$ cat protein_7.pdb   # PDB, C-alpha atoms
ATOM      1  CA  MET A 219       6.646  22.672  -4.076
ATOM      2  CA  ASN A 220       5.405  23.397  -7.559
ATOM      3  CA  ALA A 221       2.085  25.081  -8.274
ATOM      4  CA  ASP A 222       0.787  21.962 -10.042
ATOM      5  CA  GLN A 223       0.776  19.836  -6.856
ATOM      6  CA  TRP A 224      -2.849  19.408  -5.860
ATOM      7  CA  SER A 225      -3.009  17.404  -2.665
ATOM      8  CA  LEU A 226      -0.862  16.759   0.368
ATOM      9  CA  GLY A 227      -0.988  14.989   3.690
ATOM     10  CA  PHE A 228       1.065  13.868   6.672
ATOM     11  CA  SER A 229       1.325  10.206   7.559
ATOM     12  CA  PRO A 230      -0.441   9.482  10.887
ATOM     13  CA  ASN A 231       2.918   8.755  12.551
ATOM     14  CA  GLY A 232       4.066  12.239  11.496
ATOM     15  CA  ARG A 233       7.247  11.001   9.801
ATOM     16  CA  THR A 234       6.309  11.464   6.137
ATOM     17  CA  LEU A 235       4.757  14.288   4.131
ATOM     18  CA  ALA A 236       3.266  13.384   0.741
ATOM     19  CA  ALA A 237       2.271  15.762  -2.073
ATOM     20  CA  THR A 238       0.634  14.897  -5.384
ATOM     21  CA  GLY A 239      -0.055  16.715  -8.603
ATOM     22  CA  THR A 240      -0.437  16.687 -12.355
ATOM     23  CA  ARG A 241       3.079  15.363 -12.839
ATOM     24  CA  ALA A 242       1.803  11.913 -11.847
ATOM     25  CA  VAL A 243       4.303  11.653  -9.004
ATOM     26  CA  VAL A 244       3.711  11.369  -5.282
ATOM     27  CA  LYS A 245       6.606  13.234  -3.748
ATOM     28  CA  LEU A 246       7.581  12.147  -0.253
ATOM     29  CA  TRP A 247       9.632  13.957   2.375
ATOM     30  CA  ASP A 248      11.119  12.844   5.664
ATOM     31  CA  VAL A 249       9.594  15.343   8.095
ATOM     32  CA  THR A 250      12.519  15.255  10.548
ATOM     33  CA  SER A 251      15.310  15.866   8.014
ATOM     34  CA  HIS A 252      13.192  17.880   5.537
ATOM     35  CA  LYS A 253      14.773  15.774   2.767
ATOM     36  CA  GLU A 254      12.935  14.298  -0.170
ATOM     37  CA  ILE A 255      12.821  10.509  -0.089
ATOM     38  CA  PRO A 256      11.974   8.170  -2.988
ATOM     39  CA  GLY A 257       8.435   8.834  -4.199
ATOM     40  CA  ILE A 258       5.886   6.936  -6.236
ATOM     41  CA  THR A 259       5.264   7.442  -9.951
ATOM     42  CA  ILE A 260       1.795   6.898 -11.412
ATOM     43  CA  GLU A 261       1.072   7.052 -15.159
ATOM     44  CA  ASP A 262      -1.895   9.421 -14.792
ATOM     45  CA  THR A 263      -3.050  12.520 -12.928
ATOM     46  CA  ILE A 264      -3.379  11.935  -9.200
ATOM     47  CA  LEU A 265      -6.590  13.155  -7.566
ATOM     48  CA  HIS A 266      -6.441  12.072  -3.949
ATOM     49  CA  LEU A 267      -4.325  10.279  -1.374
ATOM     50  CA  SER A 268      -4.853   8.646   2.029
ATOM     51  CA  PHE A 269      -2.417   7.095   4.494
ATOM     52  CA  SER A 270      -3.360   3.996   6.477
ATOM     53  CA  ALA A 271      -3.567   4.464  10.244
ATOM     54  CA  ASP A 272      -0.252   2.669  10.808
ATOM     55  CA  SER A 273       1.425   4.760   8.066
ATOM     56  CA  SER A 274       2.471   1.617   6.166
ATOM     57  CA  LEU A 275       0.150   2.039   3.166
ATOM     58  CA  LEU A 276      -0.684   4.882   0.824
ATOM     59  CA  ALA A 277      -3.904   4.794  -1.205
ATOM     60  CA  ILE A 278      -3.646   6.946  -4.337
ATOM     61  CA  GLY A 279      -6.738   7.951  -6.324
ATOM     62  CA  VAL A 280      -6.035   8.392 -10.022
ATOM     63  CA  GLN A 281      -7.880  10.181 -12.832
ATOM     64  CA  ASP A 282      -8.371   6.878 -14.671
ATOM     65  CA  GLY A 283     -10.897   6.071 -11.917
ATOM     66  CA  THR A 284      -8.745   3.690  -9.891
ATOM     67  CA  THR A 285      -7.370   3.705  -6.385
ATOM     68  CA  ARG A 286      -3.915   2.170  -6.166
ATOM     69  CA  LEU A 287      -2.620   0.806  -2.899
ATOM     70  CA  TRP A 288       1.132   1.065  -2.238
ATOM     71  CA  THR A 289       3.394  -0.058   0.590
ATOM     72  CA  LEU A 290       5.586   2.777   1.831
ATOM     73  CA  ALA A 291       8.427   0.581   3.116
ATOM     74  CA  ASP A 292       9.364  -0.755  -0.336
ATOM     75  CA  ARG A 293       7.210   1.363  -2.696
ATOM     76  CA  GLN A 294       5.363  -1.675  -4.094
ATOM     77  CA  GLN A 295       1.915  -1.442  -5.616
ATOM     78  CA  ILE A 296      -0.157  -4.188  -3.982
ATOM     79  CA  ALA A 297      -3.648  -3.509  -5.365
ATOM     80  CA  ILE A 298      -5.547  -1.633  -8.065
ATOM     81  CA  ILE A 299      -9.190  -0.987  -7.221
ATOM     82  CA  PRO A 300     -11.255   0.026 -10.276
ATOM     83  CA  ASN A 301     -13.975   2.705 -10.461
ATOM     84  CA  TYR A 302     -13.261   4.529  -7.191
ATOM     85  CA  PRO A 303     -10.638   7.323  -7.233
ATOM     86  CA  TYR A 304     -11.426   8.761  -3.769
ATOM     87  CA  GLN A 305     -10.849   6.938  -0.512
ATOM     88  CA  THR A 306     -10.654   7.126   3.284
ATOM     89  CA  PHE A 307      -9.036   4.593   5.617
ATOM     90  CA  SER A 308     -10.854   3.659   8.799
ATOM     91  CA  PRO A 309      -8.951   4.690  11.967
ATOM     92  CA  ASP A 310      -7.967   1.052  12.604
ATOM     93  CA  GLY A 311      -6.798   0.644   8.985
ATOM     94  CA  ARG A 312      -8.935  -2.445   8.343
ATOM     95  CA  ILE A 313     -11.432  -0.831   5.950
ATOM     96  CA  LEU A 314     -10.878   1.483   3.015
ATOM     97  CA  VAL A 315     -14.049   3.378   2.089
ATOM     98  CA  LEU A 316     -14.036   4.068  -1.638
ATOM     99  CA  ARG A 317     -16.086   6.865  -3.188
ATOM    100  CA  HIS A 318     -17.116   7.816  -6.697
ATOM    101  CA  ASN A 319     -20.154   9.923  -7.583
ATOM    102  CA  GLU A 320     -23.148   8.248  -5.896
ATOM    103  CA  ASP A 321     -21.320   5.101  -4.795
ATOM    104  CA  LEU A 322     -19.631   4.196  -1.518
ATOM    105  CA  LYS A 323     -17.894   0.830  -1.355
ATOM    106  CA  LEU A 324     -16.218  -0.914   1.572
ATOM    107  CA  TRP A 325     -12.911  -2.639   0.844
ATOM    108  CA  ASP A 326     -11.202  -5.059   3.244
ATOM    109  CA  VAL A 327      -7.533  -4.020   3.392
ATOM    110  CA  ALA A 328      -6.141  -7.292   4.826
ATOM    111  CA  LYS A 329      -8.024  -9.518   2.360
ATOM    112  CA  ARG A 330      -7.586  -6.988  -0.459
ATOM    113  CA  ALA A 331     -11.182  -7.615  -1.415
ATOM    114  CA  ASP A 332     -14.554  -5.957  -1.835
ATOM    115  CA  ALA A 333     -16.447  -5.947   1.477
ATOM    116  CA  GLY A 334     -19.773  -4.640   0.137
ATOM    117  CA  ASP A 335     -21.610  -1.580  -1.103
ATOM    118  CA  LEU A 336     -22.604   1.063   1.392
ATOM    119  CA  ALA A 337     -24.451   3.529  -0.833
ATOM    120  CA  ASN A 338     -25.541   3.462  -4.445
ATOM    121  CA  ASP A 339     -28.178   6.097  -5.097
ATOM    122  CA  PRO A 340     -28.094   7.831  -8.511
ATOM    123  CA  SER A 341     -29.977  10.802  -7.024
ATOM    124  CA  ARG A 342     -26.985  11.597  -4.780
ATOM    125  CA  GLN A 343     -23.620  13.106  -5.639
ATOM    126  CA  LEU A 344     -21.245  12.219  -2.791
ATOM    127  CA  SER A 345     -18.457  14.712  -2.224
ATOM    128  CA  ASP A 346     -16.521  13.631   0.863
ATOM    129  CA  THR A 347     -16.222  10.965   3.564
ATOM    130  CA  THR A 348     -14.716  10.963   7.039
ATOM    131  CA  PHE A 349     -14.582   8.652  10.039
ATOM    132  CA  SER A 350     -15.098   9.730  13.631
ATOM    133  CA  PRO A 351     -11.799   9.522  15.559
ATOM    134  CA  ASN A 352     -12.847   6.275  17.290
ATOM    135  CA  GLY A 353     -14.070   4.762  14.004
ATOM    136  CA  ASN A 354     -17.606   4.139  15.266
ATOM    137  CA  LEU A 355     -19.207   6.441  12.680
ATOM    138  CA  LEU A 356     -18.658   7.199   9.000
ATOM    139  CA  ALA A 357     -20.046  10.420   7.555
ATOM    140  CA  SER A 358     -20.470  11.406   3.932
ATOM    141  CA  LEU A 359     -21.618  14.663   2.394
ATOM    142  CA  ASP A 360     -23.899  14.587  -0.622
ATOM    143  CA  TYR A 361     -25.299  17.175  -2.958
ATOM    144  CA  PRO A 362     -27.342  19.154  -1.976
ATOM    145  CA  GLN A 363     -25.200  18.966   1.154
ATOM    146  CA  GLN A 364     -27.040  16.514   3.347
ATOM    147  CA  VAL A 365     -24.861  14.714   5.884
ATOM    148  CA  LEU A 366     -25.240  10.928   5.791
ATOM    149  CA  VAL A 367     -23.930   8.942   8.773
ATOM    150  CA  TRP A 368     -23.468   5.204   9.270
ATOM    151  CA  ASP A 369     -22.815   3.225  12.445
ATOM    152  CA  THR A 370     -19.729   1.149  11.523
ATOM    153  CA  GLY A 371     -20.642  -1.649  13.937
ATOM    154  CA  ASN A 372     -23.546  -2.725  11.743
ATOM    155  CA  TRP A 373     -23.363  -0.251   8.815
ATOM    156  CA  VAL A 374     -26.889   0.940   9.568
ATOM    157  CA  GLN A 375     -27.694   4.523   8.739
ATOM    158  CA  PRO A 376     -29.491   6.304  11.598
ATOM    159  CA  ALA A 377     -31.785   9.251  10.904
ATOM    160  CA  PRO A 378     -30.182  11.679   8.429
ATOM    161  CA  PHE A 379     -28.657  14.899   9.641
ATOM    162  CA  PRO A 380     -30.238  18.146   8.421
ATOM    163  CA  SER A 381     -28.886  19.951   5.371
ATOM    164  CA  VAL A 382     -25.679  21.910   5.856
ATOM    165  CA  GLN A 383     -26.397  24.422   3.112
ATOM    166  CA  THR A 384     -25.502  27.972   4.003
ATOM    167  CA  PRO A 385     -26.894  31.198   2.574
ATOM    168  CA  THR A 386     -25.075  32.365  -0.549
ATOM    169  CA  SER A 387     -23.734  35.453   1.220
ATOM    170  CA  ALA A 388     -22.135  33.294   3.944
ATOM    171  CA  ARG A 389     -20.447  31.016   1.405
ATOM    172  CA  HIS A 390     -18.561  33.904  -0.130
ATOM    173  CA  SER A 391     -17.506  35.846   2.953
ATOM    174  CA  VAL A 392     -13.774  36.298   3.445
ATOM    175  CA  PRO A 393     -12.315  36.978   6.883
ATOM    176  CA  THR A 394     -10.404  40.201   7.415
ATOM    177  CA  ALA A 395      -7.069  40.380   9.199
ATOM    178  CA  ALA A 396      -8.802  42.033  12.166
ATOM    179  CA  SER A 397     -11.230  39.101  12.500
ATOM    180  CA  LEU A 398      -8.551  36.384  12.582
ATOM    181  CA  PRO A 399      -7.238  35.121  15.941
ATOM    182  CA  ARG A 400      -3.755  36.220  16.953
ATOM    183  CA  ALA A 401      -1.052  33.976  18.389
ATOM    184  CA  ALA A 402      -0.232  34.664  22.013
ATOM    185  CA  ALA A 403       3.036  36.534  22.582
ATOM    186  CA  GLN A 404       5.749  34.449  24.216
TER     187      GLN A 404
END

$ encode --input "protein_7.pdb" --output "structure tokens"
Amino acid sequence: MNADQWSLGFSPNGRTLAATGTRAVVKLWDVTSHKEIPGITIEDTILHLSFSADSSLLAIGVQDGTTRLWTLADRQQIAIIPNYPYQTFSPDGRILVLRHNEDLKLWDVAKRADAGDLANDPSRQLSDTTFSPNGNLLASLDYPQQVLVWDTGNWVQPAPFPSVQTPTSARHSVPTAASLPRAAAQ
């Protein structure tokens, strides 16, 4: 891979590896054969990508502020979602959570439609989102690193988690070779 490729991920079924970068191309590889397969070309810098749970869709976040939804079977773009270049699929693939700055938006994948706003607080700068493995919870990290969690059954936010800030010295520590775990000898 070239040094300008910024993001990569395996499809949940483990059959495809995707890598993105400044060349505005999502390169795809068949994991079994290690061969490159037809990719997806975007006319802008790619920031982020997410596979759907069934590995049939690829959401691509683009520098122009959009998320573009593509089918992997035929490499067809099926949706352009404005204003949200970062995204996370729910484990069941029904919801795409879209993120940009202080906003979180829910998007219904089957209907290809907005399903409502989850967060819109100008005092927050959201930096990441993740679902629990069973999909019952969605967590987001904001600046100054408070963890926000929602129950996905009713999208209610229980009590906030405490800050995850770490002391400056801990943020910059680098492990030494002696401190890293070793693989067991076979």

$ atom_distance --input "protein_7.pdb" --atom1 "atom CA of Tyr361 of chain A" --atom2 "atom CA of Asp346 of chain A"
10.2 Å

$ resolve_selection --input "protein_7.pdb" --expression "the PyMOL selection byres ((chain A and resi 295) around 10)" --output "list of chain:residue names"
A:Ile258, A:Leu275, A:Leu276, A:Ala277, A:Arg286, A:Leu287, A:Trp288, A:Thr289, A:Leu290, A:Asp292, A:Arg293, A:Gln294, A:Ile296, A:Ala297, A:Ile298

$ residues_around --input "protein_7.pdb" --residues "segment 236-252 of chain A" --least-positions-apart "5" --cutoff "7 Å" --atoms "all atoms listed in the file" --output "VMD selection string"
chain A and resid 222 to 228 257 to 264

$ atom_distance --input "protein_7.pdb" --atom1 "atom CA of Gly353 of chain A" --atom2 "atom CA of Ile278 of chain A"
21.2 Å

$ resolve_selection --input "protein_7.pdb" --expression "the PyMOL selection byres ((chain A and resi 351) around 12)" --output "number ranges by chain"
A: 271, 307-310, 348-350, 352-357

$ atom_distance --input "protein_7.pdb" --atom1 "atom CA of Gly283 of chain A" --atom2 "atom CA of Asn319 of chain A"
10.9 Å
